[in-house]
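Structure data (compact mmCIF, C-alpha atoms and all ligand atoms) from work_5.txt:
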# COMPACT_ATOMS: atom_id res chain seq x y z
CA MET Y 367 -0.60 -59.65 -3.44
CA ILE Y 368 -0.63 -63.41 -2.89
CA GLY Y 369 -3.86 -65.38 -3.42
CA LEU Y 370 -4.58 -68.22 -0.99
CA ILE Y 371 -7.36 -70.75 -1.57
CA GLY Y 372 -8.60 -73.52 0.72
CA ALA Y 373 -11.70 -75.64 0.19
CA MET Y 374 -13.05 -75.78 3.74
CA GLU Y 375 -13.44 -73.28 6.57
CA MET Y 376 -10.90 -75.15 8.72
CA GLU Y 377 -8.34 -74.86 5.90
CA ILE Y 378 -8.45 -71.05 5.81
CA SER Y 379 -9.48 -70.09 9.36
CA GLY Y 380 -5.85 -70.06 10.58
CA LEU Y 381 -4.94 -67.59 7.83
CA VAL Y 382 -7.96 -65.36 8.36
CA ALA Y 383 -7.23 -65.32 12.12
CA CYS Y 384 -3.79 -63.81 11.57
CA MET Y 385 -4.85 -61.44 8.78
CA GLU Y 386 -4.64 -57.72 9.59
CA GLN Y 387 -6.55 -54.77 8.11
CA THR Y 388 -9.10 -57.30 6.91
CA GLN Y 389 -11.80 -56.33 4.45
CA THR Y 390 -14.29 -58.71 2.88
CA GLU Y 391 -15.99 -58.75 -0.46
CA SER Y 392 -18.29 -61.28 -2.11
CA VAL Y 393 -17.61 -62.16 -5.75
CA SER Y 394 -19.42 -64.93 -7.66
CA GLY Y 395 -20.90 -66.11 -4.36
CA ILE Y 396 -17.47 -66.49 -2.73
CA LEU Y 397 -16.32 -64.42 0.24
CA PHE Y 398 -12.85 -62.95 -0.27
CA TYR Y 399 -10.77 -61.71 2.69
CA ILE Y 400 -8.35 -58.97 1.68
CA GLY Y 401 -5.63 -57.75 4.05
CA THR Y 402 -2.08 -58.50 5.16
CA ILE Y 403 -0.62 -61.66 6.71
CA GLU Y 404 2.85 -61.29 8.25
CA GLY Y 405 2.93 -57.92 6.48
CA MET Y 406 2.35 -59.47 3.04
CA PRO Y 407 -0.74 -58.30 1.11
CA CYS Y 408 -3.01 -61.31 0.60
CA VAL Y 409 -6.43 -62.34 -0.60
CA VAL Y 410 -7.84 -65.47 1.04
CA ALA Y 411 -10.90 -67.47 0.02
CA LYS Y 412 -12.77 -70.64 0.90
CA CYS Y 413 -13.83 -72.16 -2.42
CA GLY Y 414 -15.82 -75.22 -1.31
CA ALA Y 415 -14.93 -78.79 -2.23
CA GLY Y 416 -14.45 -79.91 -5.80
CA LYS Y 417 -13.04 -78.80 -9.11
CA VAL Y 418 -15.82 -76.49 -10.30
CA ASN Y 419 -15.95 -74.61 -6.98
CA ALA Y 420 -12.18 -74.27 -7.05
CA ALA Y 421 -12.13 -73.08 -10.66
CA ILE Y 422 -14.81 -70.43 -10.07
CA CYS Y 423 -12.88 -69.17 -7.06
CA ALA Y 424 -9.49 -69.08 -8.77
CA GLU Y 425 -10.87 -67.33 -11.86
CA ALA Y 426 -12.77 -64.74 -9.82
CA MET Y 427 -9.73 -64.13 -7.61
CA ILE Y 428 -7.41 -63.63 -10.58
CA LEU Y 429 -9.76 -61.33 -12.49
CA LYS Y 430 -10.72 -59.26 -9.46
CA TYR Y 431 -7.45 -59.02 -7.48
CA ALA Y 432 -4.68 -59.87 -9.99
CA PRO Y 433 -2.56 -61.79 -7.43
CA GLU Y 434 1.13 -62.25 -8.35
CA ALA Y 435 0.68 -65.94 -7.42
CA VAL Y 436 -2.00 -68.31 -6.15
CA ILE Y 437 -1.33 -70.95 -3.50
CA ASN Y 438 -3.77 -73.74 -2.79
CA LEU Y 439 -3.41 -75.02 0.77
CA GLY Y 440 -5.23 -77.50 2.97
CA VAL Y 441 -5.48 -81.23 3.49
CA ALA Y 442 -5.11 -84.27 1.26
CA GLY Y 443 -5.16 -88.03 1.31
CA GLY Y 444 -1.71 -89.62 1.27
CA VAL Y 445 -1.17 -91.92 -1.71
CA GLY Y 446 2.59 -92.60 -1.81
CA ALA Y 447 3.77 -95.48 0.37
CA GLU Y 448 5.90 -93.16 2.50
CA VAL Y 449 3.28 -90.44 2.90
CA LYS Y 450 1.76 -90.65 6.38
CA ILE Y 451 -0.93 -88.74 8.26
CA GLY Y 452 0.58 -85.46 9.53
CA ASP Y 453 3.17 -85.28 6.73
CA ALA Y 454 2.83 -82.73 3.95
CA VAL Y 455 3.19 -82.78 0.17
CA ILE Y 456 4.37 -79.93 -2.05
CA ALA Y 457 3.19 -80.54 -5.61
CA ASP Y 458 5.90 -80.65 -8.25
CA ALA Y 459 3.07 -81.40 -10.68
CA VAL Y 460 -0.71 -81.51 -10.51
CA VAL Y 461 -2.98 -83.77 -12.53
CA GLN Y 462 -6.75 -84.15 -12.86
CA HIS Y 463 -7.18 -87.90 -12.39
CA ASP Y 464 -10.85 -87.84 -13.44
CA LEU Y 465 -10.26 -86.14 -16.81
CA ASP Y 466 -10.64 -89.17 -19.03
CA THR Y 467 -10.80 -89.15 -22.83
CA THR Y 468 -8.84 -92.38 -23.13
CA ALA Y 469 -11.70 -93.81 -25.22
CA LEU Y 470 -10.66 -91.26 -27.87
CA GLY Y 471 -7.04 -92.37 -27.70
CA GLU Y 472 -5.80 -89.61 -25.42
CA GLU Y 473 -3.70 -90.08 -22.32
CA ARG Y 474 -5.56 -90.26 -19.03
CA GLY Y 475 -5.70 -86.77 -17.46
CA PHE Y 476 -5.16 -85.01 -20.81
CA ILE Y 477 -6.26 -81.36 -20.58
CA SER Y 478 -7.74 -80.18 -23.86
CA GLY Y 479 -6.52 -76.69 -24.76
CA LEU Y 480 -3.44 -76.81 -22.57
CA ASP Y 481 -2.72 -80.15 -24.30
CA THR Y 482 -0.86 -81.71 -21.42
CA VAL Y 483 -1.56 -84.07 -18.51
CA TYR Y 484 0.66 -82.58 -15.80
CA LEU Y 485 0.81 -78.89 -14.88
CA LYS Y 486 3.90 -77.51 -13.20
CA PRO Y 487 3.75 -75.27 -10.14
CA ASP Y 488 6.13 -72.31 -10.01
CA SER Y 489 9.67 -73.30 -9.01
CA LEU Y 490 10.36 -70.13 -6.95
CA LEU Y 491 7.19 -70.62 -4.92
CA ASN Y 492 8.03 -74.29 -4.43
CA ARG Y 493 11.55 -73.52 -3.27
CA ALA Y 494 10.22 -70.97 -0.76
CA LEU Y 495 7.59 -73.46 0.47
CA GLN Y 496 10.27 -76.10 0.89
CA GLU Y 497 12.53 -73.71 2.81
CA ALA Y 498 9.66 -72.72 5.11
CA ALA Y 499 8.79 -76.41 5.59
CA GLU Y 500 12.39 -77.34 6.42
CA THR Y 501 12.47 -74.77 9.21
CA VAL Y 502 9.02 -75.14 10.79
CA TYR Y 503 7.04 -78.15 9.55
CA PRO Y 504 6.79 -80.76 12.35
CA ALA Y 505 6.78 -83.89 10.13
CA ARG Y 506 8.08 -85.11 6.77
CA VAL Y 507 7.50 -82.97 3.70
CA HIS Y 508 7.39 -84.84 0.39
CA VAL Y 509 7.59 -83.33 -3.09
CA GLY Y 510 5.63 -85.08 -5.82
CA VAL Y 511 2.53 -85.36 -7.95
CA ILE Y 512 -0.79 -84.31 -6.41
CA ALA Y 513 -3.82 -85.83 -8.14
CA THR Y 514 -7.13 -83.95 -8.15
CA GLY Y 515 -10.63 -85.18 -8.89
CA ASP Y 516 -14.26 -84.78 -7.87
CA GLN Y 517 -14.11 -87.75 -5.54
CA PHE Y 518 -13.14 -88.41 -1.93
CA ILE Y 519 -10.79 -91.37 -2.33
CA ALA Y 520 -11.23 -94.16 0.22
CA GLY Y 521 -9.29 -97.14 -1.07
CA GLY Y 522 -10.28 -99.66 -3.72
CA ASP Y 523 -9.75 -99.31 -7.45
CA ALA Y 524 -9.79 -95.50 -7.36
CA LEU Y 525 -6.77 -95.32 -5.05
CA HIS Y 526 -4.94 -98.01 -6.98
CA ALA Y 527 -5.59 -96.26 -10.30
CA ILE Y 528 -4.32 -92.89 -9.05
CA ALA Y 529 -1.16 -94.43 -7.63
CA GLN Y 530 -0.48 -96.50 -10.74
CA ALA Y 531 -1.43 -94.08 -13.51
CA PHE Y 532 0.11 -90.91 -12.08
CA HIS Y 533 2.55 -92.03 -9.35
CA ALA Y 534 0.74 -89.52 -7.14
CA GLN Y 535 1.94 -88.80 -3.61
CA ALA Y 536 -1.39 -87.28 -2.53
CA CYS Y 537 -4.95 -86.83 -3.73
CA GLU Y 538 -7.43 -84.04 -3.15
CA MET Y 539 -10.25 -82.24 -4.93
CA GLU Y 540 -9.07 -78.76 -5.97
CA GLY Y 541 -5.35 -78.34 -6.68
CA GLY Y 542 -5.35 -79.53 -10.30
CA SER Y 543 -8.30 -77.35 -11.12
CA ILE Y 544 -6.70 -74.25 -9.53
CA GLY Y 545 -3.50 -75.06 -11.43
CA HIS Y 546 -5.53 -75.31 -14.65
CA VAL Y 547 -7.11 -71.88 -14.12
CA CYS Y 548 -3.74 -70.36 -13.21
CA ALA Y 549 -2.10 -71.85 -16.29
CA MET Y 550 -4.87 -70.44 -18.52
CA ASN Y 551 -4.28 -67.00 -16.96
CA GLN Y 552 -0.48 -67.31 -16.82
CA VAL Y 553 -0.45 -66.85 -13.05
CA PRO Y 554 2.21 -68.75 -11.05
CA PHE Y 555 0.71 -71.28 -8.63
CA ALA Y 556 1.64 -73.79 -5.95
CA VAL Y 557 -0.16 -76.50 -3.98
CA PHE Y 558 0.75 -77.32 -0.37
CA ARG Y 559 -1.23 -80.04 1.41
CA ALA Y 560 -1.00 -81.61 4.86
CA ILE Y 561 -2.09 -85.24 5.05
CA SER Y 562 -5.35 -85.97 6.91
CA ASP Y 563 -5.82 -89.61 5.87
CA GLN Y 564 -4.25 -92.21 3.63
CA ALA Y 565 -7.03 -92.31 1.02
CA ASP Y 566 -7.61 -95.95 2.02
CA HIS Y 567 -10.51 -97.83 3.58
CA HIS Y 568 -9.88 -96.00 6.90
CA ALA Y 569 -10.07 -92.58 5.25
CA ASP Y 570 -13.71 -91.98 6.22
CA LEU Y 571 -12.72 -92.31 9.90
CA ASP Y 572 -9.26 -90.73 9.72
CA PHE Y 573 -10.38 -87.62 7.84
CA PRO Y 574 -12.71 -86.28 10.57
CA GLN Y 575 -10.12 -87.12 13.22
CA PHE Y 576 -7.04 -85.58 11.60
CA ALA Y 577 -8.26 -82.92 9.13
CA ARG Y 578 -8.38 -80.15 11.72
CA GLU Y 579 -4.78 -80.59 12.90
CA ALA Y 580 -3.57 -81.06 9.30
CA SER Y 581 -5.38 -77.85 8.29
CA ALA Y 582 -3.71 -75.96 11.14
CA ARG Y 583 -0.30 -77.30 10.07
CA SER Y 584 -0.80 -76.20 6.49
CA SER Y 585 -1.92 -72.68 7.43
CA ARG Y 586 0.97 -72.26 9.90
CA LEU Y 587 3.39 -73.26 7.17
CA ILE Y 588 1.85 -70.76 4.76
CA CYS Y 589 2.22 -67.99 7.36
CA THR Y 590 5.95 -68.75 7.60
CA PHE Y 591 6.17 -68.83 3.82
CA LEU Y 592 4.49 -65.38 3.62
CA LYS Y 593 6.85 -63.88 6.21
CA ASN Y 594 9.88 -65.15 4.25
CA TRP Y 595 8.38 -64.14 0.87
CA LYS Y 596 7.80 -60.60 2.08
CA ASN Y 597 11.37 -60.30 3.36
CA ALA Y 598 12.97 -61.89 0.26
N1 LIG K 601 -8.81 -84.58 0.95
C1 LIG K 601 -8.39 -85.15 2.09
N2 LIG K 601 -8.42 -86.48 2.01
C2 LIG K 601 -8.89 -86.79 0.79
C3 LIG K 601 -9.17 -88.00 0.12
N3 LIG K 601 -8.99 -89.18 0.71
N4 LIG K 601 -9.69 -87.93 -1.15
C4 LIG K 601 -9.89 -86.73 -1.73
N5 LIG K 601 -9.66 -85.56 -1.14
C5 LIG K 601 -9.15 -85.58 0.11
Spell out the structure here as C-alpha cells.
Ligand code: ADE
Amino acid sequence: MIGLIGAMEMEISGLVACMEQTQTESVSGILFYIGTIEGMPCVVAKCGAGKVNAAICAEAMILKYAPEAVINLGVAGGVGAEVKIGDAVIADAVVQHDLDTTALGEERGFISGLDTVYLKPDSLLNRALQEAAETVYPARVHVGVIATGDQFIAGGDALHAIAQAFHAQACEMEGGSIGHVCAMNQVPFAVFRAISDQADHHADLDFPQFAREASARSSRLICTFLKNWKNA
C-alpha cells in the first residue's frame, strides 16, 4: 500500500475521485480513504496545513496502515529563479526552514535526534516520479530542495532567507515534517509539488488563482506514477 498525503481538500480530491473500493476511517481526527487507485492499494488523507497537522497524519497513517512508502503531493511556492507557476518540483531533499537553534551554535534547520538538516527522499520513488513526469507533466519539472515551515511565504526576508540558506527550489508547509516522521519510522518517502505561486509579494493573489489547477496537475501525475508503480 502507498500512503498519499495532501494538506488541502483540492490537493487530494483528484485522487479520491479516481479511488475504487473506497472505505473511510477516522484516526486521530483525520479521515483516511482506503482503496485502490489505478489498481494500486492506497491510503489517502488530507492532513490540514502546517507541520504539526502533517506530522500527526503521517504518524497515524504509518502506525495504522503500514504503507510501503508515503508520498506528499500538492502545491508549493516556487523559490528557484527558474521555477514558474505551473511547473513542478520533485524534492531531492527536504528541510525545515523554521527549525532554528542557531543561537546554540547549530546549523539552521538542524533536526535534533536525526542530527541532520536535510532529509533524503527515496531514490526509487523519485526516479518513478521523474519518469511519470517526463511522460505526462505539461510543464517543467525541477528536482531540488523543498523547504518546509509553518509560514505562507510571500516575499521579503523570509523568501530571501530560504533561497539563500537552503538553495530551495520550492517552499511549502508539510513536506519536511512528513519526511521527518517517515525517517523516524524508516518509511521511504517522496514529495511532489506543483507550483501555485512564486512565494513573492504576488503570492497572496496568485495562490487562490492557480492552486486549483496546480493541485489537479499534481494528483494527475501521482495517478500516472501509481499505474507505473503497480506494473513495475
Ligand atoms: N504553498 C503554496 N504556496 C506557498 C507559499 N508561498 N508558502 C508556503 N506554502 C505554500
Got a sec: who's within 12 Å of Ile528 (chain Y), counting all atoms listed in the file, leaving out chain neighbours fewer than 3 positions off, as a PyMOL selection string?
chain Y and resi 443-446+461-465+474-475+511-515+517+519-525+531-538+565-566
May I ask which of the residues Y:Ala498, Y:Met367, Y:Ile561, Y:Ile396 is the closest one to Phe573 (chain Y), counting all atoms listed in the file?
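Going through Y:Ala498, Y:Met367, Y:Ile561, Y:Ile396 one by one, the smallest distance to Phe573 (chain Y) is for Y:Ile561.
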How would you write as a list in words the residues that get within 6 Å of (7.2, -78.6, -8.0) in the file's frame, counting only C-alpha atoms?
Ala457, Asp458, Ala459, Pro487, Ser489 and Asn492 of chain Y
Keeping C-alpha atoms, export the residues of the selection given above as a compact mmCIF listing (two decimals), in the frame of the given file.
# COMPACT_ATOMS: atom_id res chain seq x y z
CA ALA Y 457 3.19 -80.54 -5.61
CA ASP Y 458 5.90 -80.65 -8.25
CA ALA Y 459 3.07 -81.40 -10.68
CA PRO Y 487 3.75 -75.27 -10.14
CA SER Y 489 9.67 -73.30 -9.01
CA ASN Y 492 8.03 -74.29 -4.43
Atomic separation - CA of Met427 (chain Y) relative to CA of Leu370 (chain Y), Å
9.3 Å
Spatial neighbours of region 501-506 of chain Y, 12 Å, only C-alpha atoms, chain gap at least 4 places, as a compact mmCIF listing (two decimals) with C-alpha atoms, keeping the file's coordinate frame:
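This is the output file out-v7.txt:
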# COMPACT_ATOMS: atom_id res chain seq x y z
CA GLU Y 448 5.90 -93.16 2.50
CA VAL Y 449 3.28 -90.44 2.90
CA LYS Y 450 1.76 -90.65 6.38
CA ILE Y 451 -0.93 -88.74 8.26
CA GLY Y 452 0.58 -85.46 9.53
CA ASP Y 453 3.17 -85.28 6.73
CA ALA Y 454 2.83 -82.73 3.95
CA VAL Y 455 3.19 -82.78 0.17
CA ILE Y 456 4.37 -79.93 -2.05
CA ALA Y 494 10.22 -70.97 -0.76
CA LEU Y 495 7.59 -73.46 0.47
CA GLN Y 496 10.27 -76.10 0.89
CA GLU Y 497 12.53 -73.71 2.81
CA PHE Y 558 0.75 -77.32 -0.37
CA ARG Y 559 -1.23 -80.04 1.41
CA ALA Y 560 -1.00 -81.61 4.86
CA ILE Y 561 -2.09 -85.24 5.05
CA GLU Y 579 -4.78 -80.59 12.90
CA ALA Y 580 -3.57 -81.06 9.30
CA ALA Y 582 -3.71 -75.96 11.14
CA ARG Y 583 -0.30 -77.30 10.07
CA SER Y 584 -0.80 -76.20 6.49
CA SER Y 585 -1.92 -72.68 7.43
CA ARG Y 586 0.97 -72.26 9.90
CA LEU Y 587 3.39 -73.26 7.17
CA ILE Y 588 1.85 -70.76 4.76
CA CYS Y 589 2.22 -67.99 7.36
CA THR Y 590 5.95 -68.75 7.60
CA PHE Y 591 6.17 -68.83 3.82
CA ASN Y 594 9.88 -65.15 4.25
Determine the nearest neighbour of ligand LIG 601 (chain K) from the options Y:Leu470, Y:Leu592, Y:Val410, Y:Met374, counting all atoms listed in the file.
Y:Met374
